[in-house]
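For reference, model.cif is printed below; it contains mmCIF, C-alpha atoms and all ligand atoms.
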data_target
#
loop_
_atom_site.label_atom_id
_atom_site.label_comp_id
_atom_site.auth_asym_id
_atom_site.auth_seq_id
_atom_site.Cartn_x
_atom_site.Cartn_y
_atom_site.Cartn_z
CA MET A 1 90.56 73.10 126.17
CA LEU A 2 90.67 73.40 129.95
CA GLY A 3 89.03 70.70 131.98
CA VAL A 4 89.34 68.03 129.33
CA GLY A 5 88.22 64.78 130.83
CA TRP A 6 85.59 66.15 133.21
CA GLY A 7 82.67 65.65 130.89
CA LYS A 8 84.29 63.15 128.59
CA SER A 9 83.40 59.96 130.34
CA GLY A 10 81.63 58.64 127.30
CA ARG A 11 78.18 60.18 127.77
CA GLY A 12 76.01 59.20 124.86
CA SER A 13 78.29 56.23 124.27
CA LYS A 14 77.90 52.80 125.74
CA ARG A 15 78.77 53.77 129.36
CA SER A 16 75.83 53.92 131.76
CA VAL A 17 74.47 57.18 133.22
CA ALA A 18 74.80 55.70 136.72
CA LYS A 19 78.50 55.12 136.14
CA ASP A 20 78.87 58.70 134.88
CA LEU A 21 77.15 60.10 137.96
CA TYR A 22 79.25 57.90 140.20
CA ASP A 23 82.42 59.15 138.48
CA ASP A 24 81.30 62.81 138.73
CA SER A 25 80.54 62.42 142.41
CA LEU A 26 83.96 60.85 143.01
CA LYS A 27 85.66 63.71 141.21
CA PHE A 28 83.66 66.27 143.19
CA GLU A 29 84.59 64.55 146.45
CA ALA A 30 88.23 64.31 145.43
CA ILE A 31 88.35 68.06 144.80
CA ILE A 32 86.39 69.12 147.89
CA ASN A 33 88.30 66.78 150.20
CA ASN A 34 91.76 67.58 148.93
CA ILE A 35 91.54 71.30 148.41
CA GLU A 36 93.41 73.22 151.15
CA ASP A 37 90.92 76.09 151.15
CA GLY A 38 87.93 75.86 153.42
CA VAL A 39 84.66 75.30 151.56
CA LEU A 40 81.23 75.49 153.23
CA LEU A 41 77.76 75.11 151.76
CA ILE A 42 75.32 77.12 153.87
CA ASP A 43 71.52 76.96 153.62
CA GLY A 44 68.94 79.76 154.04
CA GLN A 45 68.84 79.18 157.83
CA ASN A 46 72.61 79.78 157.98
CA VAL A 47 73.17 76.10 158.74
CA ILE A 48 76.25 74.36 157.32
CA ARG A 49 75.19 71.60 154.92
CA LEU A 50 78.65 70.70 153.68
CA CYS A 51 82.04 71.29 155.28
CA ASN A 52 85.23 70.08 153.66
CA PRO A 53 88.25 68.90 155.70
CA GLY A 54 90.09 72.13 154.72
CA ALA A 55 87.43 74.24 156.46
CA GLY A 56 87.53 71.96 159.49
CA GLN A 57 91.31 72.24 159.66
CA ILE A 58 91.26 76.05 159.61
CA CYS A 59 88.47 76.42 162.19
CA GLY A 60 89.55 73.58 164.47
CA TRP A 61 86.30 71.65 163.92
CA SER A 62 85.95 68.22 162.41
CA ALA A 63 83.93 68.30 159.19
CA GLU A 64 81.32 65.97 160.81
CA ASP A 65 80.90 68.17 163.92
CA ALA A 66 80.55 71.34 161.85
CA THR A 67 77.93 69.94 159.48
CA GLY A 68 74.35 70.63 160.58
CA ILE A 69 75.08 73.56 162.91
CA SER A 70 74.94 77.33 162.46
CA VAL A 71 77.80 78.81 160.44
CA GLU A 72 78.26 81.57 163.03
CA GLN A 73 79.12 78.93 165.64
CA VAL A 74 81.87 77.49 163.47
CA ILE A 75 83.16 80.72 161.91
CA THR A 76 83.34 83.33 164.66
CA LEU A 77 84.41 86.47 162.82
CA VAL A 78 86.26 89.10 164.85
CA ASP A 79 87.82 92.47 164.09
CA ASP A 80 91.55 93.30 164.38
CA LYS A 81 91.16 93.84 168.13
CA GLY A 82 89.52 90.45 168.60
CA GLN A 83 86.03 91.93 169.11
CA PRO A 84 83.16 89.91 167.56
CA VAL A 85 81.71 91.32 164.34
CA PRO A 86 78.14 92.49 165.21
CA ALA A 87 75.37 90.17 163.98
CA ASN A 88 73.90 92.82 161.64
CA GLU A 89 77.29 93.15 159.90
CA SER A 90 77.87 89.43 159.50
CA PRO A 91 78.72 88.64 155.86
CA PHE A 92 76.88 85.33 156.23
CA SER A 93 73.55 87.12 156.74
CA LYS A 94 74.47 89.94 154.34
CA VAL A 95 74.87 87.56 151.42
CA PHE A 96 71.26 86.36 151.90
CA ARG A 97 70.01 89.96 152.31
CA THR A 98 71.77 91.46 149.30
CA GLY A 99 72.28 88.52 146.96
CA GLU A 100 75.73 89.92 146.15
CA VAL A 101 79.10 88.16 146.23
CA ILE A 102 81.11 89.23 149.28
CA HIS A 103 84.91 89.45 149.25
CA ASN A 104 86.82 90.23 152.41
CA ASN A 105 90.60 89.93 152.43
CA LYS A 106 90.92 91.45 155.88
CA ALA A 107 88.68 89.07 157.87
CA ASN A 108 89.72 87.26 161.05
CA LEU A 109 88.19 84.25 162.71
CA LEU A 110 88.44 82.66 166.12
CA THR A 111 89.10 78.92 166.00
CA ARG A 112 87.40 76.45 168.32
CA GLU A 113 90.47 76.84 170.58
CA HIS A 114 90.01 80.67 170.54
CA LYS A 115 93.07 81.30 168.39
CA GLN A 116 92.75 84.31 166.06
CA ILE A 117 93.50 83.55 162.40
CA ALA A 118 93.64 85.98 159.49
CA ILE A 119 91.51 84.76 156.60
CA SER A 120 90.55 85.82 153.11
CA LEU A 121 86.85 85.08 152.65
CA THR A 122 84.54 84.97 149.63
CA ILE A 123 80.84 84.16 149.98
CA THR A 124 78.87 83.52 146.81
CA PRO A 125 75.05 83.35 146.83
CA ILE A 126 73.28 80.51 145.04
CA LEU A 127 70.13 81.76 143.36
CA THR A 128 67.06 79.67 142.62
CA ASN A 129 64.26 81.54 140.81
CA ALA A 130 65.95 84.86 141.66
CA GLN A 131 65.92 84.00 145.40
CA VAL A 132 69.07 83.36 147.41
CA THR A 133 68.51 79.85 148.72
CA ASP A 134 72.06 78.89 149.73
CA ALA A 135 75.57 80.28 149.75
CA ILE A 136 79.07 78.92 149.30
CA ALA A 137 81.84 80.26 151.50
CA VAL A 138 85.45 79.74 150.45
CA PHE A 139 88.18 80.86 152.83
CA ARG A 140 91.91 80.56 153.29
CA ASP A 141 94.33 81.05 156.16
CA VAL A 142 96.37 84.15 155.22
CA SER A 143 98.06 84.68 158.59
CA GLU A 144 101.54 84.46 157.08
CA GLU A 145 100.79 86.89 154.23
CA ARG A 146 99.12 89.29 156.69
CA ALA A 147 102.14 89.16 159.06
CA GLU A 148 104.51 89.84 156.14
CA GLU A 149 102.32 92.73 154.99
CA GLN A 150 102.43 94.13 158.52
CA GLN A 151 106.23 93.82 158.61
CA ARG A 152 106.51 95.66 155.29
CA ALA A 153 104.18 98.41 156.51
CA ASP A 154 106.15 98.69 159.78
CA PHE A 155 109.40 98.96 157.84
CA ILE A 156 108.06 101.69 155.53
CA SER A 157 106.61 103.52 158.48
CA THR A 158 109.81 103.38 160.57
CA ALA A 159 112.10 104.14 157.63
CA SER A 160 110.09 107.14 156.45
CA HIS A 161 109.79 108.42 160.01
CA GLU A 162 113.55 108.14 160.57
CA MET A 163 114.43 109.68 157.19
CA ARG A 164 112.18 112.69 157.60
CA THR A 165 114.45 114.19 160.23
CA PRO A 166 117.72 114.33 158.20
CA VAL A 167 115.79 115.42 155.11
CA ALA A 168 114.22 118.29 157.06
CA ALA A 169 117.70 119.28 158.26
CA ILE A 170 119.12 119.26 154.70
CA GLU A 171 116.13 121.28 153.50
CA GLY A 172 116.69 123.80 156.29
CA TYR A 173 120.42 124.21 155.50
CA LEU A 174 119.72 124.59 151.78
CA ALA A 175 117.16 127.27 152.57
CA LEU A 176 119.78 129.05 154.70
CA ALA A 177 122.36 128.82 151.91
CA LEU A 178 119.83 130.40 149.53
CA ASN A 179 119.00 133.20 151.96
CA ASP A 180 120.87 136.39 150.90
CA LYS A 181 120.95 137.66 154.46
CA VAL A 182 122.78 134.59 155.72
CA ALA A 183 125.01 133.37 152.89
CA THR A 184 126.65 134.55 149.72
CA VAL A 185 126.58 132.23 146.72
CA ASP A 186 127.26 132.97 143.06
CA ASN A 187 124.50 132.54 140.46
CA ARG A 188 125.69 129.16 139.21
CA ALA A 189 125.80 127.72 142.71
CA ARG A 190 122.38 129.29 143.47
CA ASN A 191 120.92 127.45 140.48
CA TYR A 192 122.26 124.10 141.77
CA LEU A 193 121.14 124.82 145.32
CA GLU A 194 117.62 125.72 144.14
CA LYS A 195 117.39 122.39 142.31
CA ALA A 196 118.70 120.55 145.38
CA HIS A 197 116.17 122.40 147.54
CA LEU A 198 113.27 121.40 145.25
CA SER A 199 114.32 117.75 145.22
CA THR A 200 114.73 117.67 148.98
CA GLU A 201 111.27 119.19 149.37
CA HIS A 202 109.91 116.46 147.13
CA LEU A 203 111.69 113.80 149.18
CA GLY A 204 110.22 115.28 152.36
CA HIS A 205 106.69 115.06 150.86
CA LEU A 206 107.33 111.51 149.75
CA PHE A 207 108.37 110.41 153.26
CA GLN A 208 105.43 112.23 154.79
CA ASP A 209 103.01 110.56 152.34
CA LEU A 210 104.58 107.15 152.91
CA LEU A 211 104.22 107.57 156.64
CA THR A 212 100.59 108.69 156.38
CA SER A 213 99.66 105.89 153.98
CA ALA A 214 101.33 103.25 156.18
CA LYS A 215 99.34 104.59 159.14
CA ALA A 216 96.14 104.68 157.10
CA GLU A 217 96.61 101.05 156.13
CA ASP A 218 97.01 99.69 159.62
CA GLY A 219 94.39 101.94 161.22
CA ARG A 220 96.83 104.21 163.10
CA LEU A 221 95.71 107.41 161.45
CA THR A 222 94.79 109.78 164.27
CA SER A 223 91.37 111.33 163.98
CA HIS A 224 89.43 113.57 166.36
CA PRO A 225 86.01 113.90 164.76
CA VAL A 226 83.80 116.83 165.68
CA VAL A 227 80.69 118.39 164.16
CA VAL A 228 81.80 120.41 161.15
CA GLU A 229 79.59 122.89 159.30
CA LEU A 230 80.99 122.33 155.86
CA GLY A 231 79.73 125.57 154.30
CA GLY A 232 81.81 127.82 156.55
CA PHE A 233 84.65 125.35 156.62
CA LEU A 234 84.99 125.05 152.82
CA GLU A 235 84.52 128.76 152.19
CA GLN A 236 87.40 129.53 154.54
CA LEU A 237 89.53 126.79 153.05
CA THR A 238 88.87 128.01 149.49
CA ASN A 239 90.14 131.43 150.52
CA ASP A 240 93.26 129.91 152.06
CA LEU A 241 93.99 127.83 148.96
CA ARG A 242 93.09 130.19 146.14
CA PHE A 243 96.49 131.93 145.90
CA SER A 244 98.41 128.99 144.41
CA ALA A 245 95.76 128.67 141.67
CA GLU A 246 95.51 132.40 141.01
CA ALA A 247 99.29 132.62 140.73
CA LYS A 248 98.94 130.20 137.80
CA GLY A 249 96.21 132.38 136.24
CA LEU A 250 93.35 130.07 137.21
CA PHE A 251 89.97 131.41 138.38
CA VAL A 252 88.75 130.00 141.72
CA GLU A 253 85.16 129.87 142.98
CA PHE A 254 83.23 128.43 145.89
CA VAL A 255 79.77 127.12 145.06
CA VAL A 256 77.01 126.16 147.50
CA GLY A 257 74.09 124.38 145.83
CA SER A 258 73.85 126.37 142.63
CA ASN A 259 75.08 129.67 144.17
CA THR A 260 78.61 130.87 143.84
CA THR A 261 80.09 132.92 146.67
CA ALA A 262 79.96 135.93 144.39
CA SER A 263 76.18 135.71 144.26
CA ARG A 264 75.74 135.33 147.99
CA ALA A 265 75.39 139.05 148.64
CA THR A 266 72.39 140.81 147.11
CA GLU A 267 72.64 144.29 145.67
CA GLY A 268 71.44 145.77 148.96
CA GLY A 269 74.34 144.03 150.66
CA GLU A 270 72.13 141.46 152.44
CA ARG A 271 73.55 138.00 152.78
CA VAL A 272 71.65 135.22 151.03
CA LEU A 273 70.86 132.40 153.44
CA ARG A 274 72.29 129.06 152.55
CA PRO A 275 71.48 125.71 154.15
CA PHE A 276 73.83 124.31 156.77
CA TYR A 277 75.57 121.07 155.92
CA TYR A 278 76.82 119.22 158.96
CA ALA A 279 79.15 116.24 158.97
CA TYR A 280 81.06 114.41 161.69
CA ALA A 281 84.77 114.38 160.85
CA ASP A 282 88.18 115.65 161.91
CA PRO A 283 88.53 119.11 160.28
CA ASP A 284 92.31 118.70 159.99
CA ARG A 285 91.89 115.46 158.06
CA LEU A 286 89.18 116.98 155.84
CA ARG A 287 91.47 119.93 155.15
CA GLU A 288 94.19 117.46 154.13
CA VAL A 289 91.82 115.79 151.64
CA ILE A 290 90.44 118.98 150.06
CA THR A 291 93.92 120.53 149.93
CA ASN A 292 95.22 117.45 148.13
CA LEU A 293 92.37 117.51 145.59
CA PHE A 294 92.82 121.24 145.10
CA ASP A 295 96.61 120.96 144.67
CA ASN A 296 96.07 118.23 142.06
CA ALA A 297 93.51 120.42 140.27
CA VAL A 298 96.11 123.22 140.13
CA LYS A 299 98.88 120.83 139.05
CA TYR A 300 96.91 119.24 136.22
CA THR A 301 95.10 122.34 134.90
CA ASP A 302 96.76 124.83 132.57
CA GLU A 303 93.89 127.26 132.10
CA GLY A 304 90.30 127.86 133.16
CA LYS A 305 88.86 127.49 136.63
CA ILE A 306 88.70 125.41 139.74
CA SER A 307 85.47 125.16 141.70
CA ILE A 308 85.10 123.92 145.24
CA GLY A 309 81.45 123.06 145.76
CA LEU A 310 79.03 121.85 148.36
CA THR A 311 75.58 120.39 148.03
CA GLY A 312 73.57 117.61 149.63
CA ASP A 313 70.25 116.24 150.79
CA ASP A 314 68.85 114.75 154.01
CA GLN A 315 71.14 111.75 153.78
CA VAL A 316 74.44 112.99 152.39
CA VAL A 317 76.63 116.06 152.23
CA GLN A 318 78.51 116.24 148.96
CA CYS A 319 81.70 118.27 148.45
CA TYR A 320 83.45 118.43 145.13
CA VAL A 321 86.57 119.87 143.53
CA ARG A 322 86.12 120.50 139.80
CA ASP A 323 88.76 121.61 137.33
CA SER A 324 88.89 122.43 133.63
CA GLY A 325 92.20 120.62 133.19
CA GLN A 326 93.51 117.79 131.07
CA GLY A 327 91.19 115.12 132.55
CA ILE A 328 91.92 111.47 133.26
CA PRO A 329 91.61 108.74 130.58
CA ALA A 330 88.63 106.41 131.20
CA GLY A 331 90.95 103.40 131.60
CA ASP A 332 92.83 105.09 134.46
CA VAL A 333 89.79 106.41 136.36
CA PRO A 334 89.13 103.18 138.33
CA HIS A 335 92.78 103.04 139.48
CA VAL A 336 93.69 106.58 140.55
CA PHE A 337 92.80 105.92 144.22
CA GLN A 338 95.23 102.99 144.37
CA LYS A 339 98.58 103.27 146.10
CA PHE A 340 101.38 104.69 143.88
CA TYR A 341 99.12 104.90 140.81
CA ARG A 342 99.98 107.72 138.44
CA VAL A 343 98.53 108.17 134.97
CA ASP A 344 101.37 107.62 132.54
CA ASN A 345 101.37 110.72 130.31
CA SER A 346 103.56 113.65 129.51
CA ALA A 347 102.02 115.72 132.33
CA THR A 348 102.84 113.25 135.10
CA ARG A 349 106.32 112.77 133.65
CA THR A 350 107.05 116.45 134.07
CA ILE A 351 104.85 117.21 137.11
CA GLY A 352 106.19 115.81 140.36
CA GLY A 353 104.06 113.55 142.52
CA THR A 354 104.09 110.38 144.57
CA GLY A 355 100.86 108.68 143.51
CA LEU A 356 99.95 108.43 147.20
CA GLY A 357 97.77 111.53 147.59
CA LEU A 358 94.47 110.09 146.36
CA PHE A 359 95.09 106.81 148.18
CA ILE A 360 95.43 108.77 151.44
CA CYS A 361 92.31 110.82 150.59
CA ARG A 362 90.29 107.62 150.11
CA LYS A 363 91.52 106.16 153.40
CA ILE A 364 90.62 109.35 155.28
CA ILE A 365 87.13 109.61 153.75
CA GLU A 366 86.48 105.94 154.56
CA LEU A 367 87.26 106.73 158.22
CA TYR A 368 84.06 108.80 158.25
CA ASN A 369 81.95 106.24 156.36
CA GLY A 370 82.14 108.40 153.28
CA ARG A 371 82.84 107.75 149.62
CA ILE A 372 85.20 109.47 147.22
CA TRP A 373 85.22 109.08 143.44
CA VAL A 374 86.08 110.94 140.26
CA GLU A 375 84.27 111.70 137.03
CA SER A 376 86.49 112.93 134.25
CA GLU A 377 86.69 113.60 130.54
CA VAL A 378 89.99 113.96 128.73
CA GLY A 379 90.48 117.51 127.51
CA LYS A 380 87.52 118.85 129.53
CA GLY A 381 88.43 118.34 133.17
CA SER A 382 87.80 116.28 136.28
CA THR A 383 85.45 116.45 139.24
CA PHE A 384 86.38 114.70 142.48
CA TYR A 385 83.30 114.05 144.65
CA ILE A 386 83.14 113.29 148.36
CA ASN A 387 79.94 112.07 150.00
CA LEU A 388 79.74 112.12 153.80
CA PRO A 389 76.77 111.13 155.97
CA HIS A 390 74.65 114.25 156.67
CA LEU A 391 74.06 114.95 160.39
CA ASN A 392 70.57 116.23 161.14
CA ASN A 393 70.04 119.07 163.65
CA GLN A 394 69.06 116.72 166.45
CA LYS A 395 72.22 114.62 166.03
CA VAL A 396 74.26 117.86 165.92
CA ARG A 397 72.77 118.95 169.27
CA GLU A 398 73.34 115.52 170.82
CA LEU A 399 76.99 115.52 169.74
CA GLN A 400 77.43 119.09 170.96
CA ALA A 401 75.98 118.13 174.34
CA THR A 402 78.26 115.09 174.58
CA ALA A 403 81.28 117.25 173.75
CA THR A 404 80.29 119.87 176.36
CA ASN A 405 79.77 117.20 179.04
CA ASN A 406 83.02 115.54 178.20
CA PRO A 407 85.86 118.05 178.38
CA GLN A 408 88.26 115.39 177.08
CA LEU A 409 86.63 115.65 173.70
CA GLU A 410 87.91 118.23 171.30
CA PRO A 411 85.94 121.49 171.15
CA ILE A 412 83.56 121.69 168.22
CA ASN A 413 85.26 123.61 165.48
CA SER A 414 83.82 125.45 162.54
CA ILE A 415 80.30 125.14 163.75
CA ALA A 416 77.45 127.52 163.07
CA THR A 417 74.31 127.22 165.15
CA PRO A 418 71.42 125.69 163.20
P1 LIG B 1 100.25 112.47 142.44
O1 LIG B 1 101.19 112.73 143.55
O2 LIG B 1 100.87 111.77 141.28
O3 LIG B 1 99.48 113.71 142.02
P2 LIG B 1 97.72 111.40 143.38
O4 LIG B 1 97.45 110.13 144.12
O5 LIG B 1 97.31 112.67 144.00
O6 LIG B 1 99.25 111.38 143.04
O7 LIG B 1 97.03 111.28 141.96
C1 LIG B 1 97.17 110.08 141.21
C2 LIG B 1 97.15 110.38 139.71
O8 LIG B 1 95.82 110.79 139.33
C3 LIG B 1 98.04 111.53 139.29
O9 LIG B 1 99.36 111.09 139.04
C4 LIG B 1 97.37 112.04 138.03
O10 LIG B 1 97.77 111.25 136.94
C5 LIG B 1 95.89 111.75 138.29
N1 LIG B 1 95.16 112.96 138.75
C6 LIG B 1 94.86 113.29 140.02
N2 LIG B 1 94.15 114.43 140.08
C7 LIG B 1 94.00 114.84 138.80
C8 LIG B 1 93.36 115.97 138.18
N3 LIG B 1 92.71 116.90 138.89
N4 LIG B 1 93.41 116.06 136.82
C9 LIG B 1 94.04 115.11 136.08
N5 LIG B 1 94.67 114.04 136.60
C10 LIG B 1 94.65 113.89 137.94
#

Before we go any further, please render this structure as structure tokens.
Amino acid sequence: MLGVGWGKSGRGSKRSVAKDLYDDSLKFEAIINNIEDGVLLIDGQNVIRLCNPGAGQICGWSAEDATGISVEQVITLVDDKGQPVPANESPFSKVFRTGEVIHNNKANLLTREHKQIAISLTITPILTNAQVTDAIAVFRDVSEERAEEQQRADFISTASHEMRTPVAAIEGYLALALNDKVATVDNRARNYLEKAHLSTEHLGHLFQDLLTSAKAEDGRLTSHPVVVELGGFLEQLTNDLRFSAEAKGLFVEFVVGSNTTASRATEGGERVLRPFYYAYADPDRLREVITNLFDNAVKYTDEGKISIGLTGDDQVVQCYVRDSGQGIPAGDVPHVFQKFYRVDNSATRTIGGTGLGLFICRKIIELYNGRIWVESEVGKGSTFYINLPHLNNQKVRELQATATNNPQLEPINSIATP
């Protein structure tokens, strides 16, 4: 059994309770004082009640100095650019507000000497009678790991950027060789060249995805958000995308609320009014996400239909891409948005892919404070949902005015007047 010895000091035997308590307290002190991780006990007023030497070492405070003062004075959290985390986003207040455990592997703190250190931070609430009375923060200096991660990301980013150029050239020459008007090849050679062309195309996509995911991870993904009216935007996009699905014999529809596009014109030819759904996002990035979900729906669906849909309420705009394909096993659903994750089945073995598409989609949607998830049933199909914050008409007008007064901002695309 793990931990043998901790409670086996002879309780119930002849040893005294006082001796037991003394031993327990010594053990507790030995652990707290010798552990390298920083450990803080924080009370309901955000005051540090216990600070171990590990915490002091990381923050540049002595454990005695740090005890009895506000945790925010000792742990100054900053973002990647060194800007202080706003008070209302501080995890130390959030843990008391929500009562939930907080994990943050990407946190940074400023030491007493104003040096920025990368930390991994976990704050656990302590509940007494269902009220959060105190919290325990455990943190670790992860500067080295973070620097290595950055180096790896930089390498992937540079390598994929450099390799895209020769791959594009090879792809171009193969396309020329396959073009009857430019070159003459016999049927056997054509067969090999077609295979080479397909593989080079795949390699090109892989490098492009690697580059985009490396950028998404270190916050270099370019984004020019504007007000987007998602109804018009998605209807247009559905029309642009439908051909690849129809070529495979799949039916494609666009649904707003409970209306399909087909039902939007009445018999007299009048257009049925639909609500406007506004969101603030870069239309190119949104197109990338929906195109990716749609391409997956086509790839993993043999028959039936694909629906692109839009609905929402005052708070959120919800887009979805639904297919009647093979579905995703329940055990894989929580992982499909992870980097390089591919469901291991006969379909993915024969259908090409990088396992990066959904990871990139998640990163893009998170840029706009949105959420993406999937609901799926094997044999019935999958629905990928995207929730974005819904802009009300007043916010739309404010953003439009800002864009008009600031010519440096992108023009507002895809917008219909409310
Ligand atoms: P890939 O390039 O492999 O398609 P993605 O990140 O886009 O990578 O998707 C990850 C995995 O999720 C896929 O390999 C596939 O197993 C599964 N998946 C994604 N979309 C669907 C879908 N519409 N139907 C069934 N499985 C899907």

If you count only C-alpha atoms and all ligand atoms, which residues end up within 9 Å of ligand LIG 1 (chain B), as a PyMOL selection string?
chain A and resi 206+292-301+321-329+332-333+335-345+347-349+351-361+374+376+378+381-384

A:Ser120 surroundings by all atoms listed in the file, 8 Å radius, close-in-sequence under 6 positions cut, as a PyMOL selection string:
chain A and resi 103-107+139-142

Please produce an output containing C-alpha atoms for each residue in the selection, written as a PDB file, in the frame of the given file.
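New file part_6.pdb:
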ATOM      1  CA  HIS A 103      84.910  89.450 149.250  1.00  0.00           C
ATOM      2  CA  ASN A 104      86.820  90.230 152.410  1.00  0.00           C
ATOM      3  CA  ASN A 105      90.600  89.930 152.430  1.00  0.00           C
ATOM      4  CA  LYS A 106      90.920  91.450 155.880  1.00  0.00           C
ATOM      5  CA  ALA A 107      88.680  89.070 157.870  1.00  0.00           C
ATOM      6  CA  PHE A 139      88.180  80.860 152.830  1.00  0.00           C
ATOM      7  CA  ARG A 140      91.910  80.560 153.290  1.00  0.00           C
ATOM      8  CA  ASP A 141      94.330  81.050 156.160  1.00  0.00           C
ATOM      9  CA  VAL A 142      96.370  84.150 155.220  1.00  0.00           C
TER      10      VAL A 142
END

As an exercise, work out the distance from atom CA of A:Leu237 to atom CA of A:Thr200 in Å and give it to one decimal place.
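Atom CA of A:Thr200 lies at a distance of 27.1 Å from atom CA of A:Leu237.
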
Distance in Å - atom CA of A:Pro166 versus atom CA of A:Glu217:
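These atoms are spaced 25.0 Å apart.
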
Nearby residues (only C-alpha atoms) at most 6 Å from A:Val316, same-chain spacing under 6 positions excluded, as JSON, numbers by chain:
{"A": [388, 389, 390]}

Write out as JSON, numbers by chain the residues lying within 7 Å of A:Ser70, counting all atoms listed in the file and excluding same-chain residues fewer than 5 positions away.
{"A": [46, 47, 48]}

Interatomic distance between atom CA of A:Ile308 and atom CA of A:Glu288?
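Taking atom CA of A:Ile308 and atom CA of A:Glu288, their separation equals 14.3 Å.
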
Which neighbours of A:Thr238 fall inside 8 Å, counting all atoms listed in the file, when residues of the same chain fewer than 3 positions from it are skipped, and could you give them as a PyMOL selection string?
chain A and resi 234-235+241-242+253-254+308

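A distance cut-off of 12 Å around (113.2, 113.0, 158.8), counting all atoms listed in the file, selects these protein and nucleic acid residues: Ser157, Thr158, Ala159, Ser160, His161, Glu162, Met163, Arg164, Thr165, Pro166, Val167, Ala168, Ala169, Ile170, Glu171, Gly172, Thr200, Glu201, Leu203, Gly204, His205, Leu206, Phe207, Gln208, Leu210 and Leu211 of chain A.
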
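Closest to A:Tyr277 among A:Gln315, A:Thr122, A:Thr222, A:Gln45 is A:Gln315, based on only C-alpha atoms.
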
Which of these, A:Val85, A:Ala401, A:Ala66, A:Val138, has the shortest distance to A:Glu36 once you count only C-alpha atoms?
A:Val138

12 Å contact set for A:Cys59, only C-alpha atoms, chain neighbours under 5 positions out, as an MDAnalysis selection string:
chainID A and resid 37:40 51:54 65:66 71:77 108:119 139:141

For a quick check of understanding, using all atoms listed in the file, which of A:Gly219, A:Leu399, A:Arg287, A:Tyr280 has the smallest distance to A:Asn369?
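Among the listed residues, the smallest separation from A:Asn369 belongs to A:Tyr280.
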
With all atoms listed in the file as the basis for distance, which of A:Ala177, A:Ala135, A:Tyr278, A:Val228 is at the shortest distance from A:Glu194?
A:Ala177
